[in-house]
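To keep things clear, I will list the structure first and then write my remarks on it.
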Amino acid sequence: MLTLAALAELVGGDIVGDATLTIEDISDLQSAGPKHISFFANPKYKLQVAQTRASAVLACEPVEGASCAFILCREPYVALAQVAQALHPQTAPAPGIHPKAILDPSAIVDPTAVVDAGAVVAAQARIGARSRIGSGAYVGAHVSIGDDVLLHPNVTVLDRCSIGHRVILHSGTVIGADGFGYAEDKRGVRHKIPQVGIVEIHDDVEIGANTTVDRATFGKTTIGAGSKIDNLVQIGHNVSLGEHCVVVAQSGISGSTQLGNAVVMGAQTGTVGHIQIASGVMMAARGGATHSLHKPGLYSGYPATEHKIWLKAAAAQYELPNLRRRVRALEQQLVETKRVINANPPDCDCKQRGKY
Amino acid sequence: MLTLAALAELVGGDIVGDATLTIEDISDLQSAGPKHISFFANPKYKLQVAQTRASAVLACEPVEGASCAFILCREPYVALAQVAQALHPQTAPAPGIHPKAILDPSAIVDPTAVVDAGAVVAAQARIGARSRIGSGAYVGAHVSIGDDVLLHPNVTVLDRCSIGHRVILHSGTVIGADGFGYAEDKRGVRHKIPQVGIVEIHDDVEIGANTTVDRATFGKTTIGAGSKIDNLVQIGHNVSLGEHCVVVAQSGISGSTQLGNAVVMGAQTGTVGHIQIASGVMMAARGGATHSLHKPGLYSGYPATEHKIWLKAAAAQYELPNLRRRVRALEQQLVETKRVINANPPDCDCKQRGKY
Amino acid sequence: MLTLAALAELVGGDIVGDATLTIEDISDLQSAGPKHISFFANPKYKLQVAQTRASAVLACEPVEGASCAFILCREPYVALAQVAQALHPQTAPAPGIHPKAILDPSAIVDPTAVVDAGAVVAAQARIGARSRIGSGAYVGAHVSIGDDVLLHPNVTVLDRCSIGHRVILHSGTVIGADGFGYAEDKRGVRHKIPQVGIVEIHDDVEIGANTTVDRATFGKTTIGAGSKIDNLVQIGHNVSLGEHCVVVAQSGISGSTQLGNAVVMGAQTGTVGHIQIASGVMMAARGGATHSLHKPGLYSGYPATEHKIWLKAAAAQYELPNLRRRVRALEQQLVETKRVINANPPDCDCKQRGKY
């Protein structure tokens, strides 16, 4: 529970209303009740502000007709994140290694870190300050984990991979499984190419549940600082993501493809391997890049094209059977038209060539 | 091993043949052998009934020319489920907590429940009667699990989520990972919005392997009673599924989307976020809903449309290059036709305006 | 570290250059340094051979202008796999059962096998010579695991499934979860059909991370010898893969579908259930088979068709709005053309019927 004054100070905002109000929780405009704070960032919800039962609303400016208090700030949605974090502080467990955690004697765990029951930390692994290794998580040999990292239960980080600071990995995610690489001989037998590289995850990355990031064949697969990856995503070997990229659920980035900075891949998207996706590219859901995209902008479709072009084609696709009928009709009419003309040919006596 | 008489009683069916036959197992018509029971629900397999080596067949009515016995019943496929369950009773392990399971002292486990080796049950979790927590499964703090629930090995249920009665969760599935929510500031940095809601799974739900159901930002993500979800499915934060929904493998339901009752999502389908899918909607495989679907019925395609419309467009898509050629030919012919007409223009001496 | 002579002998190749050179690691042409060996299999990288800093290159024949040594061999990429394996030998851990592994007393583990900390091996399971069960992996009751098998951490193999020799299963993969089978009654309630079959994985199969292979309803789901499956793939119940198949990431094979030998399914592909995919079929990324494919060859698109046909249609799709405009223009022009003709009708005085 915090006062409106405390929250306004936190987000650097100005109060319109009673600064002594106490706020207990956060909610969306419609389901908010008293002692809740909500937010207004999208003009289409203006009416909901007037009707909300929330005690206060984070907004750029006050909304006419609203009875709630306001905290005015430039980026209400960003302020929401800060307020939510303040109202729901991560409960830091007491540091230490649970007696039922399993640590190799050569692992180096910061005394302020937490290793939960059933977690396994292998030889020579290092775990930084205030990091937490959840139950059933596996930290492989020679893995390096930075400070303030959270590995949720049943995460797997395999040998020699490197995790930066303030990284969050959700349950079931696998970092550093072998890349999918074989040499096929003339009989069709595939020989495994040892995957001897690693995965390097930079600071402030968050990766959702049951996602897979494969280790490089040689060298490393890289996830740039601040990037956010959703659930069930596949990141192939030797892929490189720049900083502040976003990859939404069930997308796949094929081997050796390089994403610049601030690339956004919508849900269920994909890319072929060995291509470049320029900084600032946004791929709408289901899009699939079959060649490099060198210009920032919004892309859609498979093969991916400019979103505007896709939008028209997607709308038109269901008219295709009708269009085919129209073409058939045109063909028949043109045959008929020609028949008529031929019945009245240009070399009839009265024709005046050259008049046009 | 059960007699035909016992099975007929179980499914409320009538026997045609020898009621004292013993049935040992169940099989499909083609691979069945003696002492097997099979089923006949799809007319297209009528010939297989005549040829089957099964001792008995579940069917609506006897099939001419067949040498096997029959159990006649209204819903042979439903009867099959009952018979299979009777012939393959779930072997209930002895209740109790394996000495190598790890339970927080504050967890409350029903004395008839089973907690397997290597499972972890966190503080304040509750586990109901006859439920089983498989090896390596994780039950988070304050999680509530009903009666007769089966968590297969290596399932993860995170803090505060709620699981009803008779729920089955398959291995690798993650319930309650954080929803994918960030507030992007003007520099492109994403601030995590704490995901403080839960997941609530109602009675008789079954969820396949390696599926992810994210917790709500605020409030809850809900899976309605009787719903069945396949493997590798993504259910976003604040999604709500009604009762008896089906979501087939590798589909994704984006955040805050609401499905009514008895919605069926085929394999590899998807929906955008914040839309409504009406009760009775069926989405064929690969379909993707980009806006709300308010009418029950069968939909396909991306963006999703009526299945019949999609079917024609999908068939026509590969004629598009040919259609383009035909349009080009028409254009050329029309140019030629005009040339001919212009060579014999309407203002030639003999023209009789107004005659038509 | 190995001499060039030793590597040449390993791959059965001929040396061009100094056989006493020592090679420490393997790398691609561009990033290689001294004491590295690289490979040249794709003519498009010829220039990179001339510029590489690698000490030696595996190739079919020497490249003019290159300063490196060569090992000449018929299949350089296959030789690469052998060389990489030799330079990065799998470090075989000391055999034995970690004191923190959990084994049922009835499990039979070969004395040369390794069971890591936190792994669980259930009743009557058998583990062959030199196989390794990673931390947190679960081997169910009556599971049979052959020789030289590697189960990475947090793999799940459920009851009664059978794993051949030299199989590799990556972290998070689930073998033998229940198939997705229900009998729907007239009220829309789904009754679970017990999945009493198994999964049988033959020799030399490798399966990526977080993939799911469901057990058969009756009988078995089969993965043929030498097949390679990538991450996040779904293999439905009763599916059968022949030998040397490849299934790339995020693909799904629906229940009871049968793949012949050497079938290649690209990334994010799918098939409906109960169909046959002939030996030698290759499905390009995103393709979806909606009916059996009886002829080998390359297929694409949804519904899948011959790749060449799809390629043209995919390119043409974005011209559809323009094509529609052209058809509209044709229609208008034809109306106009008819108007002109009608103003100068064939029954004008000067018409000479039959002249053409």
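Labels used: A, B, ... for chains in the order of the structure tokens, numbers from 1 for residues in each chain, and numbers from 1 for ligands as shown.
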Exercise. Enumerate as an NGL selection string the residues belonging to chain B that approach chain A to within 8 Å, with only C-alpha atoms taken into account.
Key: :B and (102 or 118 or 120 or 136 or 138 or 154 or 156 or 172-174 or 177-178 or 180 or 182-185 or 188-194 or 196 or 210-212 or 218 or 232 or 234 or 250 or 252 or 302-303 or 309-310 or 312-313 or 316-317 or 323 or 326-327 or 330 or 334 or 337 or 340-345 or 348-350)
Self-check item: All strand (DSSP E or B) residues (DSSP, backbone) inside region 184-285 of chain B, as an MDAnalysis selection string
Solution: chainID B and resid 184 190:192 198:201 206:207 212:214 220:223 228:229 234:235 240:241 246:247 252:253 258:259 264:265 270:271 276:277 281:283
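The interatomic distance for the pair CA of Val264 (chain B) and CA of Gly12 (chain B) works out to 29.1 Å.
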Practice problem: List every residue of region 118-331 of chain A that DSSP, applied to the backbone, labels as helix (DSSP H, G or I), and write the result as a ChimeraX atom specification. | Solution: /A:307-331
